[in-house]
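J.: Please read through the structure below; I'll follow up with questions.
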Amino acid sequence: MFRVAIAGCGSIAAVHAKVLDALPETELIACCDIRRERAEALAKAYAMRAYENLQELVEKEAPDAVHLCTPHMLHTPMAEYCLRHGIHVFTEKPPVINREQWEVFQQLESYEKRVGICFQNRYNASVKEAKSILNSGRAGKILSARAILTWNREATYYTESDWKGKWDTEGGGALINQAIHTLDLLVYLLGSVKQVQSHMCNHTLQQVIEVEDTVEALISFENGAGAVFFASNGYGANAPVLLEIVCENVTIRMENEQLQLTWKDGRKEQIIEETATPLGKNYWGSSHYSCIQDFYRAIREGRTYQNDIQSVKETMELMLHMYDPYRNKIVGD
């Protein structure tokens, strides 16, 4: 059994804690947060020990693995620190916020211990089925795709945080924080990227945040397919994410975890997998349990983990390329 700790005790940490507490592979032993009261609240809920910083936790607990649920800018340096101390790392997205961190993060593969990234939606039943259909050849050639995310983030989401909405700490806005999962699924399902043309702007919170609330892109893939990508935090609700892939023989449409197949001959299949109640917000996806459990089973079995550093390389390169023209600039209408 793996002795596991959590660094960062915000809302997403509660999701990780619930999974780790339920998994037969893990024992949740400690947590830390610079806001002591948050660490103590999470520790009390799961009968573990609380600390104010990662260094003290590591020194006193010597965990087998640490889950990084901290602000974005801390993921890479904390991952490196843990690996240097012989500790496995499972990090929330995004693993990096800029190209400098990405150079460091890629070098973490040289350590003996393992790194996993929380792209939990790869484990959704709808995504696994779509991946299977595409890989089987039944769909034929992939022709085009579209991915649309329209969510809501109001001013208080940023003003109540000391790191969100800033280039140096969040690394971006709608793309890196909310739509990164959707971008990752495009790459995961369609393959290597050849070229991208993108635009970012801040329509709604120009006096509040430095970063974008809206991003659109036209992405060309090596297999000849093209994808339209759109994400905005300016909508009035958190709508289901739409991902549609048009192939020679079938159109694959995913909306949240519902999958619809429309075949060339007119046949339609509606596949709605029953899943457990989402551990966090329902539009996050409900596959954290499968994603985290697979990380520990991969370590135990000595096999490659699906969400390792190499597996997210294409997504990270695409995201960073989209940000390059806008890095450290205040964007507006």
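Starting from 1 in every chain, residues are counted up; chains themselves are A, B, ... following the order of the structure tokens, and ligands are numbered from 1 as listed.
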Excluding Ala227 in chain A and any residue of its chain fewer than 3 positions from it, enumerate the residues within 10 Å of it, using only C-alpha atoms, and give them as a PyMOL selection string.
T.: chain A and resi 143-147+186+190+196+217-221+230+244-246
J.: Using only C-alpha atoms for the distances, tell me which of A:Asn98, A:Ser192, A:Ser132, A:Asn152 is nearest to His321 in chain A.
T.: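 Nearest to His321 in chain A: A:Asn98.
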J.: Among range 123-153 of chain A, which residues does DSSP mark as helix (DSSP H, G or I) when it is run on the backbone? Keep the chain and numbering as in the structure and answer as a list in words.
T.: Tyr123, Ala125, Ser126, Val127, Lys128, Glu129, Ala130, Lys131, Ser132, Ile133, Leu134, Asn135 and Ser136 of chain A
J.: For the residues selected in the previous step, produce a file with N, CA, C and O atoms as a short mmCIF file (atom, residue, chain, number, x, y, z; two decimals), in the first residue's frame.
T.:
data_model
loop_
_atom_site.label_atom_id
_atom_site.label_comp_id
_atom_site.auth_asym_id
_atom_site.auth_seq_id
_atom_site.Cartn_x
_atom_site.Cartn_y
_atom_site.Cartn_z
N TYR A 123 -10.18 9.08 -19.12
CA TYR A 123 -10.73 7.84 -18.57
C TYR A 123 -12.25 7.80 -18.64
O TYR A 123 -12.85 6.81 -18.22
N ALA A 125 -15.85 7.02 -19.94
CA ALA A 125 -16.31 5.90 -20.77
C ALA A 125 -16.54 6.33 -22.21
O ALA A 125 -16.21 5.59 -23.16
N SER A 126 -17.07 7.54 -22.42
CA SER A 126 -17.32 8.03 -23.77
C SER A 126 -16.02 8.22 -24.54
O SER A 126 -15.93 7.90 -25.74
N VAL A 127 -15.00 8.73 -23.87
CA VAL A 127 -13.71 8.96 -24.53
C VAL A 127 -13.05 7.63 -24.86
O VAL A 127 -12.49 7.46 -25.96
N LYS A 128 -13.11 6.68 -23.94
CA LYS A 128 -12.50 5.37 -24.21
C LYS A 128 -13.18 4.67 -25.39
O LYS A 128 -12.52 4.04 -26.22
N GLU A 129 -14.50 4.80 -25.47
CA GLU A 129 -15.22 4.19 -26.59
C GLU A 129 -14.87 4.88 -27.90
O GLU A 129 -14.65 4.22 -28.93
N ALA A 130 -14.81 6.21 -27.89
CA ALA A 130 -14.44 6.95 -29.09
C ALA A 130 -13.03 6.59 -29.55
O ALA A 130 -12.77 6.40 -30.74
N LYS A 131 -12.11 6.48 -28.61
CA LYS A 131 -10.73 6.10 -28.92
C LYS A 131 -10.68 4.72 -29.55
O LYS A 131 -9.96 4.48 -30.53
N SER A 132 -11.48 3.80 -29.01
CA SER A 132 -11.52 2.44 -29.54
C SER A 132 -12.04 2.41 -30.98
O SER A 132 -11.50 1.71 -31.84
N ILE A 133 -13.08 3.18 -31.25
CA ILE A 133 -13.66 3.24 -32.60
C ILE A 133 -12.66 3.81 -33.59
O ILE A 133 -12.47 3.29 -34.70
N LEU A 134 -11.98 4.89 -33.19
CA LEU A 134 -10.99 5.51 -34.08
C LEU A 134 -9.82 4.58 -34.35
O LEU A 134 -9.33 4.47 -35.48
N ASN A 135 -9.35 3.89 -33.32
CA ASN A 135 -8.20 2.99 -33.47
C ASN A 135 -8.53 1.73 -34.26
O ASN A 135 -7.65 1.12 -34.88
N SER A 136 -9.79 1.33 -34.23
CA SER A 136 -10.19 0.07 -34.89
C SER A 136 -10.23 0.19 -36.41
O SER A 136 -10.22 -0.82 -37.11
#
J.: Apply DSSP to the backbone of this structure and, from range 140-263 of chain A, keep only the residues in strand (DSSP E or B); write these as a ChimeraX atom specification.
T.: /A:142-150,152,193-201,214-221,226-232,234,242-247,250-255,258-263
J.: I'd like the neighbourhood of Gly10 in chain A as a ChimeraX atom specification, where a residue qualifies if any of its atoms comes within 10 Å (using only C-alpha atoms), though same-chain residues fewer than 6 positions away should be ignored.
T.: /A:33,35,38-39,42,69-71
J.: Write the residues of the preceding selection, restricted to N, CA and C atoms, as a compact mmCIF listing (two decimals), in the first residue's frame.
T.:
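Wrote part17.txt, looks like this:
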# COMPACT_ATOMS: atom_id res chain seq x y z
N ASP A 33 -0.72 22.94 3.67
CA ASP A 33 -1.19 24.16 3.01
C ASP A 33 -0.62 25.34 3.79
N ARG A 35 -2.02 27.97 4.32
CA ARG A 35 -3.12 28.40 5.19
C ARG A 35 -3.44 27.23 6.13
N ARG A 38 -6.85 25.51 6.48
CA ARG A 38 -7.33 24.64 5.40
C ARG A 38 -6.75 23.25 5.53
N ALA A 39 -5.46 23.17 5.84
CA ALA A 39 -4.82 21.87 6.03
C ALA A 39 -5.46 21.12 7.19
N LEU A 42 -8.97 19.67 6.22
CA LEU A 42 -8.89 18.47 5.40
C LEU A 42 -8.35 17.30 6.22
N CYS A 69 -1.90 19.63 -5.45
CA CYS A 69 -3.16 20.34 -5.68
C CYS A 69 -2.97 21.82 -5.35
N THR A 70 -1.78 22.31 -5.59
CA THR A 70 -1.37 23.67 -5.29
C THR A 70 -1.63 24.59 -6.48
N PRO A 71 -1.45 25.92 -6.32
CA PRO A 71 -1.54 26.83 -7.46
C PRO A 71 -0.60 26.41 -8.60
J.: Please list as a short mmCIF file (atom, residue, chain, number, x, y, z; two decimals) with all heavy atoms, in the first residue's frame every residue within 12 Å of Tyr81 in chain A, counting only C-alpha atoms and excluding residues in the same chain fewer than 3 positions away.
T.:
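part_1.cif written:
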data_model
loop_
_atom_site.label_atom_id
_atom_site.label_comp_id
_atom_site.auth_asym_id
_atom_site.auth_seq_id
_atom_site.Cartn_x
_atom_site.Cartn_y
_atom_site.Cartn_z
N LEU A 54 5.40 21.84 2.43
CA LEU A 54 5.76 20.53 1.88
C LEU A 54 7.05 20.00 2.49
O LEU A 54 7.18 18.79 2.73
CB LEU A 54 5.89 20.65 0.35
CG LEU A 54 6.27 19.38 -0.41
CD1 LEU A 54 5.21 18.30 -0.21
CD2 LEU A 54 6.45 19.69 -1.89
N GLN A 55 8.03 20.87 2.71
CA GLN A 55 9.30 20.43 3.25
C GLN A 55 9.13 19.73 4.60
O GLN A 55 9.69 18.66 4.85
CB GLN A 55 10.26 21.62 3.39
CG GLN A 55 10.74 22.19 2.07
CD GLN A 55 9.72 23.13 1.42
OE1 GLN A 55 8.64 23.37 1.96
NE2 GLN A 55 10.08 23.65 0.26
N VAL A 58 7.40 16.32 4.15
CA VAL A 58 8.31 15.30 3.60
C VAL A 58 9.30 14.83 4.66
O VAL A 58 9.56 13.62 4.80
CB VAL A 58 9.04 15.85 2.36
CG1 VAL A 58 10.21 14.93 1.96
CG2 VAL A 58 8.08 16.00 1.20
N GLU A 59 9.85 15.76 5.40
CA GLU A 59 10.83 15.40 6.43
C GLU A 59 10.25 14.52 7.53
O GLU A 59 10.89 13.57 7.99
CB GLU A 59 11.42 16.67 7.04
CG GLU A 59 12.34 17.44 6.11
CD GLU A 59 12.73 18.80 6.67
OE1 GLU A 59 12.33 19.08 7.84
OE2 GLU A 59 13.40 19.56 5.96
N ALA A 65 4.20 8.89 -2.02
CA ALA A 65 3.71 9.71 -3.13
C ALA A 65 3.07 10.97 -2.59
O ALA A 65 2.54 10.98 -1.47
CB ALA A 65 2.70 8.94 -3.97
N VAL A 66 3.13 12.04 -3.39
CA VAL A 66 2.48 13.30 -3.05
C VAL A 66 1.62 13.74 -4.22
O VAL A 66 2.05 13.70 -5.38
CB VAL A 66 3.52 14.40 -2.73
CG1 VAL A 66 2.84 15.77 -2.63
CG2 VAL A 66 4.25 14.09 -1.42
N LEU A 68 -0.10 16.89 -5.95
CA LEU A 68 0.06 18.34 -5.99
C LEU A 68 -1.25 18.99 -6.41
O LEU A 68 -1.66 18.92 -7.57
CB LEU A 68 1.18 18.71 -6.96
CG LEU A 68 2.56 18.11 -6.63
CD1 LEU A 68 3.59 18.55 -7.67
CD2 LEU A 68 3.01 18.51 -5.23
N LEU A 74 3.35 26.33 -8.83
CA LEU A 74 4.11 25.49 -7.89
C LEU A 74 4.22 24.04 -8.34
O LEU A 74 4.99 23.27 -7.76
CB LEU A 74 3.45 25.54 -6.51
CG LEU A 74 3.43 26.91 -5.82
CD1 LEU A 74 2.66 26.82 -4.51
CD2 LEU A 74 4.85 27.41 -5.59
N HIS A 75 3.49 23.64 -9.36
CA HIS A 75 3.47 22.23 -9.74
C HIS A 75 4.86 21.72 -10.14
O HIS A 75 5.31 20.67 -9.66
CB HIS A 75 2.47 21.98 -10.87
CG HIS A 75 1.05 22.17 -10.46
ND1 HIS A 75 0.01 22.27 -11.37
CD2 HIS A 75 0.48 22.31 -9.23
CE1 HIS A 75 -1.13 22.43 -10.72
NE2 HIS A 75 -0.87 22.47 -9.42
N THR A 76 5.53 22.43 -11.01
CA THR A 76 6.84 21.97 -11.47
C THR A 76 7.90 21.98 -10.36
O THR A 76 8.57 20.95 -10.15
CB THR A 76 7.32 22.80 -12.69
OG1 THR A 76 6.45 22.51 -13.79
CG2 THR A 76 8.75 22.44 -13.08
N PRO A 77 8.10 23.09 -9.64
CA PRO A 77 9.13 23.05 -8.58
C PRO A 77 8.81 22.05 -7.48
O PRO A 77 9.73 21.40 -6.95
CB PRO A 77 9.15 24.48 -8.05
CG PRO A 77 7.88 25.11 -8.50
CD PRO A 77 7.53 24.44 -9.78
N MET A 78 7.56 21.88 -7.12
CA MET A 78 7.21 20.91 -6.09
C MET A 78 7.41 19.48 -6.60
O MET A 78 7.83 18.60 -5.83
CB MET A 78 5.77 21.12 -5.62
CG MET A 78 5.60 22.27 -4.66
SD MET A 78 3.93 22.34 -3.97
CE MET A 78 4.18 23.47 -2.59
N ARG A 84 13.33 14.46 -6.15
CA ARG A 84 14.69 14.48 -5.59
C ARG A 84 14.74 13.79 -4.23
O ARG A 84 15.79 13.31 -3.81
CB ARG A 84 15.19 15.91 -5.47
CG ARG A 84 15.67 16.52 -6.78
CD ARG A 84 16.49 17.77 -6.57
NE ARG A 84 15.68 18.92 -6.22
CZ ARG A 84 15.65 19.48 -5.01
NH1 ARG A 84 16.38 18.98 -4.02
NH2 ARG A 84 14.88 20.54 -4.77
N HIS A 85 13.60 13.74 -3.56
CA HIS A 85 13.53 13.08 -2.26
C HIS A 85 12.95 11.67 -2.37
O HIS A 85 12.51 11.09 -1.37
CB HIS A 85 12.71 13.93 -1.29
CG HIS A 85 13.44 15.14 -0.80
ND1 HIS A 85 13.56 16.29 -1.55
CD2 HIS A 85 14.10 15.36 0.36
CE1 HIS A 85 14.27 17.18 -0.87
NE2 HIS A 85 14.61 16.65 0.29
N GLY A 86 12.92 11.12 -3.58
CA GLY A 86 12.50 9.74 -3.77
C GLY A 86 11.01 9.50 -3.60
O GLY A 86 10.60 8.43 -3.12
N ILE A 87 10.19 10.48 -4.03
CA ILE A 87 8.75 10.40 -3.84
C ILE A 87 8.04 10.47 -5.19
O ILE A 87 8.34 11.35 -6.01
CB ILE A 87 8.26 11.56 -2.95
CG1 ILE A 87 8.94 11.50 -1.57
CG2 ILE A 87 6.75 11.54 -2.80
CD1 ILE A 87 8.75 12.76 -0.75
N HIS A 88 7.12 9.57 -5.43
CA HIS A 88 6.28 9.63 -6.63
C HIS A 88 5.43 10.89 -6.60
O HIS A 88 5.05 11.38 -5.52
CB HIS A 88 5.35 8.42 -6.72
CG HIS A 88 6.05 7.10 -6.80
ND1 HIS A 88 6.81 6.72 -7.88
CD2 HIS A 88 6.09 6.06 -5.92
CE1 HIS A 88 7.29 5.50 -7.68
NE2 HIS A 88 6.86 5.07 -6.50
N VAL A 89 5.08 11.40 -7.79
CA VAL A 89 4.30 12.65 -7.90
C VAL A 89 3.09 12.44 -8.79
O VAL A 89 3.20 11.92 -9.91
CB VAL A 89 5.16 13.79 -8.48
CG1 VAL A 89 4.30 15.02 -8.77
CG2 VAL A 89 6.29 14.14 -7.53
N VAL A 104 12.12 22.15 -17.63
CA VAL A 104 12.44 21.46 -16.38
C VAL A 104 11.58 20.21 -16.22
O VAL A 104 12.09 19.13 -15.87
CB VAL A 104 12.22 22.40 -15.18
CG1 VAL A 104 12.39 21.65 -13.86
CG2 VAL A 104 13.18 23.59 -15.24
N PHE A 105 10.30 20.34 -16.50
CA PHE A 105 9.37 19.23 -16.26
C PHE A 105 9.72 18.01 -17.11
O PHE A 105 9.61 16.87 -16.64
CB PHE A 105 7.93 19.69 -16.55
CG PHE A 105 6.88 18.78 -15.98
CD1 PHE A 105 6.52 18.87 -14.65
CD2 PHE A 105 6.24 17.85 -16.78
CE1 PHE A 105 5.54 18.03 -14.11
CE2 PHE A 105 5.27 17.01 -16.26
CZ PHE A 105 4.92 17.10 -14.91
N LEU A 108 12.19 15.63 -15.65
CA LEU A 108 11.80 14.84 -14.48
C LEU A 108 11.67 13.35 -14.81
O LEU A 108 11.62 12.51 -13.91
CB LEU A 108 10.48 15.36 -13.91
CG LEU A 108 10.47 16.82 -13.45
CD1 LEU A 108 9.13 17.17 -12.82
CD2 LEU A 108 11.61 17.11 -12.49
N TYR A 111 14.30 10.82 -13.26
CA TYR A 111 14.26 10.32 -11.89
C TYR A 111 13.69 8.90 -11.83
O TYR A 111 12.93 8.48 -12.70
CB TYR A 111 13.43 11.25 -11.01
CG TYR A 111 14.11 12.56 -10.68
CD1 TYR A 111 13.96 13.67 -11.51
CD2 TYR A 111 14.91 12.68 -9.55
CE1 TYR A 111 14.59 14.88 -11.23
CE2 TYR A 111 15.55 13.88 -9.25
CZ TYR A 111 15.38 14.97 -10.09
OH TYR A 111 16.01 16.16 -9.80
N LYS A 113 11.61 7.70 -9.55
CA LYS A 113 10.19 7.70 -9.20
C LYS A 113 9.34 8.24 -10.34
O LYS A 113 9.84 8.91 -11.25
CB LYS A 113 9.97 8.51 -7.92
CG LYS A 113 10.72 7.94 -6.71
CD LYS A 113 10.32 6.51 -6.41
CE LYS A 113 11.08 5.96 -5.22
NZ LYS A 113 10.69 4.57 -4.89
#
J.: Can you tell me how far CA of Ile12 in chain A sits from CA of Cys118 in chain A, in Å to one decimal?
T.: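 Atom-to-atom, CA of Ile12 in chain A and CA of Cys118 in chain A are spaced 11.0 Å apart.
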J.: Name the residues in contact with Ile176 in chain A at a cut-off of 12 Å, using only C-alpha atoms, excluding same-chain residues fewer than 5 positions from it; report them as a PyMOL selection string.
T.: chain A and resi 72-73+92-98+164-167+169-171+181-184+200+211-215+231-233+315-316+318-323
J.: Hey, what's within 7 Å of Tyr289 in chain A if we count only C-alpha atoms and toss same-chain stuff fewer than 3 positions away? As a compact mmCIF listing (two decimals) with C-alpha atoms, in the first residue's frame, please?
T.:
# COMPACT_ATOMS: atom_id res chain seq x y z
CA VAL A 19 -10.39 9.03 -4.02
CA ILE A 292 -5.70 8.04 -9.91
CA GLN A 293 -6.13 4.31 -9.34
J.: From the options A:Ala47, A:Arg3, A:Glu301, A:Thr262, which residue's atoms come nearest to Leu23 in chain A, counting only C-alpha atoms?
T.: A:Arg3
J.: Taking only C-alpha atoms into account, name the residue in A:Gly116, A:Gly8, A:Pro63, A:Gly137 that is nearest to Asp308 in chain A.
T.: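 Checking each candidate against Asp308 in chain A, we get A:Gly116 as the closest.
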J.: Of the residues A:Trp102, A:Cys201, A:Gly191, A:Gln207, which is the one nearest to Glu222 in chain A, using only C-alpha atoms?
T.: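 Once distances to Glu222 in chain A are computed over only C-alpha atoms, the minimum belongs to A:Gly191.
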J.: Residues at most 10 Å from Ala155 in chain A, counting only C-alpha atoms, excluding those fewer than 6 positions away in the same chain, as a PyMOL selection string?
T.: chain A and resi 165+204-209
J.: So how far away is CA of Phe2 in chain A from CA of Gly302 in chain A, in Å?
T.: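 Atom-to-atom, CA of Gly302 in chain A to CA of Phe2 in chain A, that is 14.4 Å.
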J.: Just checking: using only C-alpha atoms, which residue out of A:Val312, A:Leu261, A:Ile252, A:Leu149 ends up closest to Ala239 in chain A?
T.: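 Residue with the minimum atom-to-atom distance to Ala239 in chain A: A:Leu149.
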J.: Find the residue from A:Glu80, A:Cys9, A:Arg99, A:Pro24 that sits nearest to Asn53 in chain A; use only C-alpha atoms when measuring.
T.: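 Once distances to Asn53 in chain A are computed over only C-alpha atoms, the minimum belongs to A:Cys9.
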J.: How many Å separate CA of Ala139 in chain A from CA of Gln306 in chain A?
T.: 23.1 Å
